file work_32.pdb (PDB, C-alpha atoms, pLDDT in the B column)
ATOM      1  CA  SER A   1       0.000   0.000   0.000  1.00 90.00           C
ATOM      2  CA  ALA A   2       2.928   2.366   0.646  1.00 87.00           C
ATOM      3  CA  ILE A   3       4.279   1.825  -2.871  1.00 88.00           C
ATOM      4  CA  ARG A   4       0.825   2.383  -4.356  1.00 84.00           C
ATOM      5  CA  HIS A   5       0.439   5.631  -2.405  1.00 79.00           C
ATOM      6  CA  VAL A   6       3.822   6.927  -3.614  1.00 77.00           C
ATOM      7  CA  LEU A   7       3.061   6.034  -7.224  1.00 75.00           C
ATOM      8  CA  GLU A   8      -0.361   7.666  -7.075  1.00 80.00           C
ATOM      9  CA  THR A   9       0.873  10.880  -5.465  1.00 75.00           C
ATOM     10  CA  PHE A  10       4.313  11.331  -7.055  1.00 67.00           C
ATOM     11  CA  SER A  11       4.233  14.535  -9.082  1.00 69.00           C
ATOM     12  CA  GLY A  12       7.604  14.160 -10.790  1.00 72.00           C
ATOM     13  CA  LEU A  13      10.917  15.923 -10.474  1.00 71.00           C
ATOM     14  CA  PRO A  14      11.655  19.584 -11.180  1.00 79.00           C
ATOM     15  CA  ASP A  15      12.958  20.301 -14.689  1.00 86.00           C
ATOM     16  CA  ARG A  16      12.101  16.797 -15.958  1.00 90.00           C
ATOM     17  CA  LEU A  17       8.826  16.806 -17.906  1.00 95.00           C
ATOM     18  CA  GLU A  18       7.615  19.206 -15.238  1.00 96.00           C
ATOM     19  CA  LYS A  19       4.117  20.467 -15.962  1.00 95.00           C
ATOM     20  CA  ILE A  20       4.366  24.174 -15.198  1.00 96.00           C
ATOM     21  CA  ARG A  21       0.955  25.554 -16.062  1.00 96.00           C
ATOM     22  CA  THR A  22      -2.056  25.233 -18.274  1.00 97.00           C
ATOM     23  CA  TRP A  23      -2.854  28.639 -19.725  1.00 97.00           C
ATOM     24  CA  ARG A  24      -5.876  29.120 -21.993  1.00 97.00           C
ATOM     25  CA  GLY A  25      -5.961  25.350 -22.431  1.00 97.00           C
ATOM     26  CA  ILE A  26      -2.284  25.153 -23.484  1.00 98.00           C
ATOM     27  CA  LEU A  27      -0.013  22.944 -21.365  1.00 97.00           C
ATOM     28  CA  PHE A  28       3.516  24.249 -20.677  1.00 98.00           C
ATOM     29  CA  VAL A  29       6.149  21.635 -19.799  1.00 98.00           C
ATOM     30  CA  ASN A  30       9.701  22.235 -18.594  1.00 98.00           C
ATOM     31  CA  ASP A  31      12.149  19.496 -19.591  1.00 98.00           C
ATOM     32  CA  THR A  32      15.267  21.645 -19.461  1.00 98.00           C
ATOM     33  CA  THR A  33      17.418  18.743 -18.247  1.00 97.00           C
ATOM     34  CA  ALA A  34      16.950  17.096 -21.658  1.00 97.00           C
ATOM     35  CA  THR A  35      20.417  18.088 -22.794  1.00 97.00           C
ATOM     36  CA  THR A  36      20.816  15.343 -25.409  1.00 98.00           C
ATOM     37  CA  PRO A  37      18.798  14.523 -28.522  1.00 98.00           C
ATOM     38  CA  ASP A  38      17.896  11.125 -26.996  1.00 98.00           C
ATOM     39  CA  ALA A  39      16.381  12.857 -23.959  1.00 98.00           C
ATOM     40  CA  THR A  40      14.324  15.073 -26.258  1.00 98.00           C
ATOM     41  CA  ILE A  41      13.140  12.004 -28.179  1.00 97.00           C
ATOM     42  CA  ALA A  42      11.952  10.487 -24.890  1.00 97.00           C
ATOM     43  CA  ALA A  43      10.105  13.708 -24.053  1.00 97.00           C
ATOM     44  CA  LEU A  44       8.480  13.834 -27.484  1.00 96.00           C
ATOM     45  CA  ASP A  45       7.401  10.213 -27.095  1.00 94.00           C
ATOM     46  CA  ALA A  46       5.813  11.104 -23.757  1.00 93.00           C
ATOM     47  CA  PHE A  47       3.353  13.284 -25.669  1.00 93.00           C
ATOM     48  CA  THR A  48       3.126  11.892 -29.190  1.00 90.00           C
ATOM     49  CA  GLN A  49       2.502   8.326 -28.013  1.00 89.00           C
ATOM     50  CA  ARG A  50      -0.289   9.138 -25.541  1.00 89.00           C
ATOM     51  CA  PRO A  51      -3.924   9.136 -26.677  1.00 91.00           C
ATOM     52  CA  GLU A  52      -4.866  12.228 -24.657  1.00 90.00           C
ATOM     53  CA  TYR A  53      -2.479  14.305 -26.793  1.00 90.00           C
ATOM     54  CA  LYS A  54      -3.418  12.701 -30.118  1.00 87.00           C
ATOM     55  CA  ASN A  55      -4.984  15.892 -31.510  1.00 88.00           C
ATOM     56  CA  ALA A  56      -2.572  18.310 -29.870  1.00 92.00           C
ATOM     57  CA  ASP A  57       0.044  20.271 -31.736  1.00 94.00           C
ATOM     58  CA  LEU A  58       3.391  20.171 -29.997  1.00 97.00           C
ATOM     59  CA  HIS A  59       5.508  23.335 -29.824  1.00 98.00           C
ATOM     60  CA  LEU A  60       9.119  22.323 -29.146  1.00 98.00           C
ATOM     61  CA  ILE A  61      11.758  24.764 -27.946  1.00 98.00           C
ATOM     62  CA  PHE A  62      15.047  23.169 -29.009  1.00 98.00           C
ATOM     63  CA  GLY A  63      18.729  24.018 -29.401  1.00 98.00           C
ATOM     64  CA  GLY A  64      21.690  25.472 -27.575  1.00 97.00           C
ATOM     65  CA  ALA A  65      25.310  24.545 -27.083  1.00 97.00           C
ATOM     66  CA  ASP A  66      26.898  21.673 -28.996  1.00 96.00           C
ATOM     67  CA  LYS A  67      27.918  18.586 -27.018  1.00 96.00           C
ATOM     68  CA  GLU A  68      29.351  16.898 -30.158  1.00 96.00           C
ATOM     69  CA  LEU A  69      26.126  14.913 -30.644  1.00 96.00           C
ATOM     70  CA  GLN A  70      24.134  14.201 -33.794  1.00 97.00           C
ATOM     71  CA  PHE A  71      20.595  15.357 -34.564  1.00 98.00           C
ATOM     72  CA  GLN A  72      19.489  13.052 -37.390  1.00 97.00           C
ATOM     73  CA  GLU A  73      17.532  10.705 -35.116  1.00 96.00           C
ATOM     74  CA  VAL A  74      15.635  13.479 -33.361  1.00 97.00           C
ATOM     75  CA  ALA A  75      14.945  14.974 -36.796  1.00 96.00           C
ATOM     76  CA  SER A  76      13.372  11.708 -37.955  1.00 94.00           C
ATOM     77  CA  VAL A  77      11.133  11.635 -34.849  1.00 94.00           C
ATOM     78  CA  ILE A  78      10.095  15.240 -35.416  1.00 94.00           C
ATOM     79  CA  GLU A  79       9.468  14.567 -39.088  1.00 90.00           C
ATOM     80  CA  SER A  80       6.840  11.937 -38.273  1.00 84.00           C
ATOM     81  CA  ALA A  81       4.791  14.073 -35.850  1.00 86.00           C
ATOM     82  CA  ASN A  82       2.900  17.369 -35.843  1.00 81.00           C
ATOM     83  CA  ILE A  83       5.579  19.468 -34.141  1.00 95.00           C
ATOM     84  CA  HIS A  84       6.304  23.185 -34.436  1.00 97.00           C
ATOM     85  CA  ILE A  85       9.965  23.849 -33.708  1.00 98.00           C
ATOM     86  CA  TYR A  86      11.643  26.952 -32.356  1.00 98.00           C
ATOM     87  CA  VAL A  87      15.445  26.676 -32.542  1.00 98.00           C
ATOM     88  CA  LEU A  88      17.451  28.628 -29.990  1.00 98.00           C
ATOM     89  CA  PRO A  89      20.873  29.973 -30.966  1.00 97.00           C
ATOM     90  CA  GLY A  90      24.052  28.271 -29.864  1.00 97.00           C
ATOM     91  CA  THR A  91      27.018  26.349 -31.122  1.00 97.00           C
ATOM     92  CA  ALA A  92      24.785  23.413 -32.146  1.00 97.00           C
ATOM     93  CA  GLN A  93      22.524  25.555 -34.333  1.00 97.00           C
ATOM     94  CA  ASP A  94      24.285  24.857 -37.648  1.00 97.00           C
ATOM     95  CA  LYS A  95      24.239  21.076 -37.053  1.00 97.00           C
ATOM     96  CA  ILE A  96      20.572  21.207 -36.050  1.00 98.00           C
ATOM     97  CA  ILE A  97      19.597  23.243 -39.095  1.00 97.00           C
ATOM     98  CA  LYS A  98      21.538  20.914 -41.397  1.00 97.00           C
ATOM     99  CA  SER A  99      19.766  17.863 -39.917  1.00 97.00           C
ATOM    100  CA  PHE A 100      16.355  19.532 -40.099  1.00 97.00           C
ATOM    101  CA  HIS A 101      16.884  20.631 -43.703  1.00 97.00           C
ATOM    102  CA  ALA A 102      17.958  17.095 -44.662  1.00 96.00           C
ATOM    103  CA  ALA A 103      14.684  15.795 -43.204  1.00 95.00           C
ATOM    104  CA  ASN A 104      12.616  18.628 -44.793  1.00 95.00           C
ATOM    105  CA  ILE A 105      11.525  19.872 -41.374  1.00 96.00           C
ATOM    106  CA  LEU A 106      10.153  23.375 -41.078  1.00 95.00           C
ATOM    107  CA  PHE A 107      11.368  25.326 -38.061  1.00 97.00           C
ATOM    108  CA  GLN A 108      11.671  28.870 -36.789  1.00 97.00           C
ATOM    109  CA  SER A 109      15.054  30.169 -35.613  1.00 98.00           C
ATOM    110  CA  VAL A 110      14.606  32.489 -32.653  1.00 98.00           C
ATOM    111  CA  PRO A 111      17.153  34.778 -30.977  1.00 97.00           C
ATOM    112  CA  ASP A 112      16.099  33.845 -27.442  1.00 97.00           C
ATOM    113  CA  LEU A 113      13.544  32.165 -25.225  1.00 97.00           C
ATOM    114  CA  ARG A 114      11.322  35.245 -24.979  1.00 97.00           C
ATOM    115  CA  GLU A 115      10.926  35.431 -28.755  1.00 98.00           C
ATOM    116  CA  ALA A 116      10.134  31.721 -28.916  1.00 98.00           C
ATOM    117  CA  MET A 117       7.418  32.233 -26.321  1.00 98.00           C
ATOM    118  CA  ARG A 118       6.071  35.300 -28.123  1.00 97.00           C
ATOM    119  CA  LEU A 119       5.679  33.285 -31.334  1.00 98.00           C
ATOM    120  CA  ILE A 120       4.183  30.348 -29.482  1.00 98.00           C
ATOM    121  CA  ARG A 121       1.577  32.586 -27.835  1.00 96.00           C
ATOM    122  CA  GLN A 122       0.509  33.686 -31.321  1.00 96.00           C
ATOM    123  CA  ARG A 123       0.325  30.168 -32.758  1.00 97.00           C
ATOM    124  CA  ALA A 124      -0.653  27.778 -29.968  1.00 97.00           C
ATOM    125  CA  LYS A 125      -4.290  26.900 -29.423  1.00 96.00           C
ATOM    126  CA  LYS A 126      -6.301  25.192 -26.736  1.00 96.00           C
ATOM    127  CA  GLY A 127      -5.199  21.567 -26.359  1.00 96.00           C
ATOM    128  CA  ASP A 128      -1.620  22.183 -27.538  1.00 97.00           C
ATOM    129  CA  VAL A 129       1.552  21.409 -25.583  1.00 97.00           C
ATOM    130  CA  VAL A 130       4.562  23.714 -25.295  1.00 98.00           C
ATOM    131  CA  LEU A 131       7.670  21.718 -24.460  1.00 98.00           C
ATOM    132  CA  LEU A 132      11.061  23.091 -23.509  1.00 98.00           C
ATOM    133  CA  SER A 133      13.209  20.049 -24.268  1.00 98.00           C
ATOM    134  CA  PRO A 134      16.323  21.522 -25.882  1.00 98.00           C
ATOM    135  CA  GLY A 135      18.427  18.445 -26.622  1.00 98.00           C
ATOM    136  CA  CYS A 136      21.527  20.580 -26.063  1.00 98.00           C
ATOM    137  CA  ALA A 137      23.565  22.171 -23.313  1.00 97.00           C
ATOM    138  CA  SER A 138      22.516  25.626 -22.149  1.00 95.00           C
ATOM    139  CA  PHE A 139      25.793  27.544 -22.225  1.00 92.00           C
ATOM    140  CA  GLY A 140      25.783  30.807 -24.148  1.00 89.00           C
ATOM    141  CA  LEU A 141      22.266  32.071 -23.474  1.00 91.00           C
ATOM    142  CA  PHE A 142      21.977  30.729 -19.923  1.00 95.00           C
ATOM    143  CA  LYS A 143      24.190  30.066 -16.893  1.00 94.00           C
ATOM    144  CA  ASN A 144      23.188  26.409 -16.927  1.00 95.00           C
ATOM    145  CA  GLU A 145      20.181  24.182 -17.703  1.00 95.00           C
ATOM    146  CA  PHE A 146      18.504  25.098 -14.414  1.00 96.00           C
ATOM    147  CA  ASP A 147      18.737  28.815 -15.241  1.00 97.00           C
ATOM    148  CA  ARG A 148      17.156  28.010 -18.634  1.00 98.00           C
ATOM    149  CA  GLY A 149      14.326  26.177 -16.888  1.00 97.00           C
ATOM    150  CA  GLU A 150      13.814  28.988 -14.377  1.00 97.00           C
ATOM    151  CA  GLN A 151      13.623  31.582 -17.143  1.00 97.00           C
ATOM    152  CA  PHE A 152      11.054  29.421 -18.951  1.00 98.00           C
ATOM    153  CA  LYS A 153       9.010  29.079 -15.751  1.00 97.00           C
ATOM    154  CA  LYS A 154       9.133  32.852 -15.151  1.00 98.00           C
ATOM    155  CA  ILE A 155       7.901  33.622 -18.657  1.00 98.00           C
ATOM    156  CA  VAL A 156       5.119  31.041 -18.369  1.00 98.00           C
ATOM    157  CA  SER A 157       4.081  32.242 -14.898  1.00 97.00           C
ATOM    158  CA  ARG A 158       3.740  35.813 -16.204  1.00 97.00           C
ATOM    159  CA  LEU A 159       1.319  34.947 -19.001  1.00 96.00           C
ATOM    160  CA  PRO A 160      -1.777  37.066 -18.389  1.00 92.00           C
TER     161      PRO A 160
END

call {"tool": "encode", "arguments": {"input": "work_32.pdb", "output": "structure tokens"}}
result
Amino acid sequence: SAIRHVLETFSGLPDRLEKIRTWRGILFVNDTTATTPDATIAALDAFTQRPEYKNADLHLIFGGADKELQFQEVASVIESANIHIYVLPGTAQDKIIKSFHAANILFQSVPDLREAMRLIRQRAKKGDVVLLSPGCASFGLFKNEFDRGEQFKKIVSRLP
């Protein structure tokens, strides 16, 4: 019974598929600790493979500093789903863009997190999911991945 209670009441860990807020029917999720493409794939699967999100558009905030990883696999996952992508600047940006172009994926390059959120506010509709799951390190725009997550949470918490 103790195990059942923990499983039923466990709300998750901060910065790991952390549901921040539902605003105007749009769910905002902080997965800032997804600093590899594989972690982003797992996050995407968490939404694209669940029936309750079947009709949702996913808005993915992706990109950052290069950790010498490849982006072809995450591109193939994105290619097969209804995902709007906002690519943050960083040393991985050229590799990401090359992989996305090779897979014919449309994306929007943004100068920072605030601009990504501004565009998302214009495009997202009730039932959609906004996911910060960058697949990259945070250095350059942020102190670290936790700073990136905190900035995301602040922007989301200030939505009117």

call {"tool": "closest_residue", "arguments": {"input": "work_32.pdb", "among": "A:Thr48, A:Thr33, A:Gln70, A:Ser133", "to": "Val87 in chain A", "atoms": "all atoms listed in the file"}}
result
A:Ser133

call {"tool": "atom_distance", "arguments": {"input": "work_32.pdb", "atom1": "CA of Lys143 in chain A", "atom2": "CA of Ala39 in chain A"}}
result
20.2 Å

call {"tool": "residues_around", "arguments": {"input": "work_32.pdb", "residues": "Ile78 in chain A", "least_positions_apart": "6", "cutoff": "9 Å", "atoms": "only C-alpha atoms", "output": "VMD selection string"}}
result
chain A and resid 41 44 84 to 85 100 105

call {"tool": "write_last_selection", "arguments": {"input": "work_32.pdb", "atoms": "C-alpha atoms", "output": "PDB file, keeping the file's coordinate frame"}}
result
ATOM      1  CA  ILE A  41      13.140  12.004 -28.179  1.00 97.00           C
ATOM      2  CA  LEU A  44       8.480  13.834 -27.484  1.00 96.00           C
ATOM      3  CA  HIS A  84       6.304  23.185 -34.436  1.00 97.00           C
ATOM      4  CA  ILE A  85       9.965  23.849 -33.708  1.00 98.00           C
ATOM      5  CA  PHE A 100      16.355  19.532 -40.099  1.00 97.00           C
ATOM      6  CA  ILE A 105      11.525  19.872 -41.374  1.00 96.00           C
TER       7      ILE A 105
END

call {"tool": "resolve_selection", "arguments": {"input": "work_32.pdb", "expression": "the PyMOL selection byres ((chain A and resi 54-56) around 9)", "output": "ChimeraX atom specification"}}
result
/A:47-53,57-58,82,125-129

call {"tool": "resolve_selection", "arguments": {"input": "work_32.pdb", "expression": "the PyMOL selection byres ((chain A and resi 88) around 12)", "output": "ChimeraX atom specification"}}
result
/A:60-66,85-87,89-94,96-97,107-117,132-142,148

call {"tool": "atom_distance", "arguments": {"input": "work_32.pdb", "atom1": "CA of Asp31 in chain A", "atom2": "CA of Arg4 in chain A"}}
result
25.6 Å

call {"tool": "atom_distance", "arguments": {"input": "work_32.pdb", "atom1": "CA of Val156 in chain A", "atom2": "CA of Leu119 in chain A"}}
result
13.2 Å

call {"tool": "resolve_selection", "arguments": {"input": "work_32.pdb", "expression": "the PyMOL selection byres ((chain A and resi 14) around 10)", "output": "PyMOL selection string"}}
result
chain A and resi 11-13+15-20+30-33+146+149

call {"tool": "closest_residue", "arguments": {"input": "work_32.pdb", "among": "A:Asp45, A:Glu73, A:Glu145, A:Glu68", "to": "Ser99 in chain A", "atoms": "all atoms listed in the file"}}
result
A:Glu73

call {"tool": "closest_residue", "arguments": {"input": "work_32.pdb", "among": "A:Pro37, A:His59, A:His5, A:Gln151", "to": "Val130 in chain A", "atoms": "only C-alpha atoms"}}
result
A:His59

call {"tool": "closest_residue", "arguments": {"input": "work_32.pdb", "among": "A:Ser1, A:Ala81, A:Leu106, A:Phe152", "to": "Leu131 in chain A", "atoms": "all atoms listed in the file"}}
result
A:Phe152

call {"tool": "closest_residue", "arguments": {"input": "work_32.pdb", "among": "A:Lys154, A:His101, A:Lys67, A:Arg118", "to": "Glu79 in chain A", "atoms": "all atoms listed in the file"}}
result
A:His101

call {"tool": "axis_aligned_box", "arguments": {"input": "work_32.pdb", "around": "range 56-64 of chain A", "padding_each_side": "8 Å", "output": "AutoDock Vina command-line options"}}
result
--center_x 9.6 --center_y 21.9 --center_z -29.7 --size_x 40.3 --size_y 23.2 --size_z 20.2

call {"tool": "closest_residue", "arguments": {"input": "work_32.pdb", "among": "A:Ala2, A:Leu27, A:Phe71, A:Ala46", "to": "Lys98 in chain A", "atoms": "all atoms listed in the file"}}
result
A:Phe71

call {"tool": "build_atoms", "arguments": {"input": "work_32.pdb", "residues": "range 102-113 of chain A", "atoms": "all heavy atoms", "output": "PDB file, in the coordinates of the input"}}
result
ATOM      1  N   ALA A 102      17.842  18.410 -44.019  1.00 96.00           N
ATOM      2  CA  ALA A 102      17.958  17.095 -44.662  1.00 96.00           C
ATOM      3  C   ALA A 102      16.674  16.284 -44.523  1.00 96.00           C
ATOM      4  O   ALA A 102      16.333  15.490 -45.395  1.00 96.00           O
ATOM      5  CB  ALA A 102      19.137  16.326 -44.075  1.00 96.00           C
ATOM      6  N   ALA A 103      15.938  16.513 -43.437  1.00 95.00           N
ATOM      7  CA  ALA A 103      14.684  15.795 -43.204  1.00 95.00           C
ATOM      8  C   ALA A 103      13.462  16.604 -43.663  1.00 95.00           C
ATOM      9  O   ALA A 103      12.335  16.206 -43.405  1.00 95.00           O
ATOM     10  CB  ALA A 103      14.553  15.458 -41.716  1.00 95.00           C
ATOM     11  N   ASN A 104      13.698  17.743 -44.330  1.00 95.00           N
ATOM     12  CA  ASN A 104      12.616  18.628 -44.793  1.00 95.00           C
ATOM     13  C   ASN A 104      11.687  19.066 -43.665  1.00 95.00           C
ATOM     14  O   ASN A 104      10.472  19.101 -43.810  1.00 95.00           O
ATOM     15  CB  ASN A 104      11.804  17.962 -45.907  1.00 95.00           C
ATOM     16  CG  ASN A 104      12.625  17.798 -47.152  1.00 95.00           C
ATOM     17  OD1 ASN A 104      13.324  18.720 -47.574  1.00 95.00           O
ATOM     18  ND2 ASN A 104      12.574  16.614 -47.733  1.00 95.00           N
ATOM     19  N   ILE A 105      12.282  19.419 -42.537  1.00 96.00           N
ATOM     20  CA  ILE A 105      11.525  19.872 -41.374  1.00 96.00           C
ATOM     21  C   ILE A 105      11.495  21.394 -41.366  1.00 96.00           C
ATOM     22  O   ILE A 105      12.541  22.046 -41.457  1.00 96.00           O
ATOM     23  CB  ILE A 105      12.167  19.347 -40.076  1.00 96.00           C
ATOM     24  CG1 ILE A 105      12.065  17.827 -40.023  1.00 96.00           C
ATOM     25  CG2 ILE A 105      11.526  19.982 -38.853  1.00 96.00           C
ATOM     26  CD1 ILE A 105      12.831  17.199 -38.893  1.00 96.00           C
ATOM     27  N   LEU A 106      10.304  21.935 -41.223  1.00 95.00           N
ATOM     28  CA  LEU A 106      10.153  23.375 -41.078  1.00 95.00           C
ATOM     29  C   LEU A 106      10.411  23.751 -39.623  1.00 95.00           C
ATOM     30  O   LEU A 106       9.998  23.044 -38.705  1.00 95.00           O
ATOM     31  CB  LEU A 106       8.756  23.813 -41.490  1.00 95.00           C
ATOM     32  CG  LEU A 106       8.374  23.550 -42.939  1.00 95.00           C
ATOM     33  CD1 LEU A 106       6.925  23.954 -43.182  1.00 95.00           C
ATOM     34  CD2 LEU A 106       9.304  24.294 -43.887  1.00 95.00           C
ATOM     35  N   PHE A 107      11.073  24.869 -39.412  1.00 97.00           N
ATOM     36  CA  PHE A 107      11.368  25.326 -38.061  1.00 97.00           C
ATOM     37  C   PHE A 107      11.505  26.836 -38.090  1.00 97.00           C
ATOM     38  O   PHE A 107      11.616  27.449 -39.159  1.00 97.00           O
ATOM     39  CB  PHE A 107      12.659  24.674 -37.524  1.00 97.00           C
ATOM     40  CG  PHE A 107      13.863  25.008 -38.346  1.00 97.00           C
ATOM     41  CD1 PHE A 107      14.649  26.115 -38.059  1.00 97.00           C
ATOM     42  CD2 PHE A 107      14.199  24.218 -39.442  1.00 97.00           C
ATOM     43  CE1 PHE A 107      15.743  26.423 -38.848  1.00 97.00           C
ATOM     44  CE2 PHE A 107      15.295  24.516 -40.231  1.00 97.00           C
ATOM     45  CZ  PHE A 107      16.070  25.622 -39.929  1.00 97.00           C
ATOM     46  N   GLN A 108      11.489  27.433 -36.926  1.00 97.00           N
ATOM     47  CA  GLN A 108      11.671  28.870 -36.789  1.00 97.00           C
ATOM     48  C   GLN A 108      12.896  29.101 -35.919  1.00 97.00           C
ATOM     49  O   GLN A 108      12.929  28.644 -34.776  1.00 97.00           O
ATOM     50  CB  GLN A 108      10.436  29.489 -36.122  1.00 97.00           C
ATOM     51  CG  GLN A 108      10.539  30.957 -35.823  1.00 97.00           C
ATOM     52  CD  GLN A 108      10.397  31.799 -37.063  1.00 97.00           C
ATOM     53  OE1 GLN A 108       9.494  31.590 -37.846  1.00 97.00           O
ATOM     54  NE2 GLN A 108      11.271  32.761 -37.235  1.00 97.00           N
ATOM     55  N   SER A 109      13.919  29.772 -36.443  1.00 98.00           N
ATOM     56  CA  SER A 109      15.054  30.169 -35.613  1.00 98.00           C
ATOM     57  C   SER A 109      14.641  31.390 -34.810  1.00 98.00           C
ATOM     58  O   SER A 109      14.007  32.309 -35.348  1.00 98.00           O
ATOM     59  CB  SER A 109      16.262  30.523 -36.480  1.00 98.00           C
ATOM     60  OG  SER A 109      16.788  29.367 -37.086  1.00 98.00           O
ATOM     61  N   VAL A 110      14.964  31.375 -33.535  1.00 98.00           N
ATOM     62  CA  VAL A 110      14.606  32.489 -32.653  1.00 98.00           C
ATOM     63  C   VAL A 110      15.866  32.972 -31.939  1.00 98.00           C
ATOM     64  O   VAL A 110      16.767  32.181 -31.668  1.00 98.00           O
ATOM     65  CB  VAL A 110      13.523  32.075 -31.629  1.00 98.00           C
ATOM     66  CG1 VAL A 110      12.193  31.802 -32.312  1.00 98.00           C
ATOM     67  CG2 VAL A 110      13.952  30.874 -30.807  1.00 98.00           C
ATOM     68  N   PRO A 111      15.947  34.265 -31.625  1.00 97.00           N
ATOM     69  CA  PRO A 111      17.153  34.778 -30.977  1.00 97.00           C
ATOM     70  C   PRO A 111      17.243  34.435 -29.496  1.00 97.00           C
ATOM     71  O   PRO A 111      18.330  34.453 -28.923  1.00 97.00           O
ATOM     72  CB  PRO A 111      17.057  36.289 -31.190  1.00 97.00           C
ATOM     73  CG  PRO A 111      15.592  36.553 -31.318  1.00 97.00           C
ATOM     74  CD  PRO A 111      15.010  35.335 -31.980  1.00 97.00           C
ATOM     75  N   ASP A 112      16.091  34.140 -28.873  1.00 97.00           N
ATOM     76  CA  ASP A 112      16.099  33.845 -27.442  1.00 97.00           C
ATOM     77  C   ASP A 112      14.779  33.207 -27.023  1.00 97.00           C
ATOM     78  O   ASP A 112      13.853  33.069 -27.833  1.00 97.00           O
ATOM     79  CB  ASP A 112      16.376  35.118 -26.618  1.00 97.00           C
ATOM     80  CG  ASP A 112      15.421  36.259 -26.925  1.00 97.00           C
ATOM     81  OD1 ASP A 112      14.218  36.011 -27.175  1.00 97.00           O
ATOM     82  OD2 ASP A 112      15.870  37.414 -26.911  1.00 97.00           O
ATOM     83  N   LEU A 113      14.712  32.844 -25.776  1.00 97.00           N
ATOM     84  CA  LEU A 113      13.544  32.165 -25.225  1.00 97.00           C
ATOM     85  C   LEU A 113      12.301  33.054 -25.247  1.00 97.00           C
ATOM     86  O   LEU A 113      11.199  32.589 -25.533  1.00 97.00           O
ATOM     87  CB  LEU A 113      13.862  31.709 -23.795  1.00 97.00           C
ATOM     88  CG  LEU A 113      12.909  30.776 -23.098  1.00 97.00           C
ATOM     89  CD1 LEU A 113      12.622  29.526 -23.911  1.00 97.00           C
ATOM     90  CD2 LEU A 113      13.483  30.401 -21.731  1.00 97.00           C
TER      91      LEU A 113
END
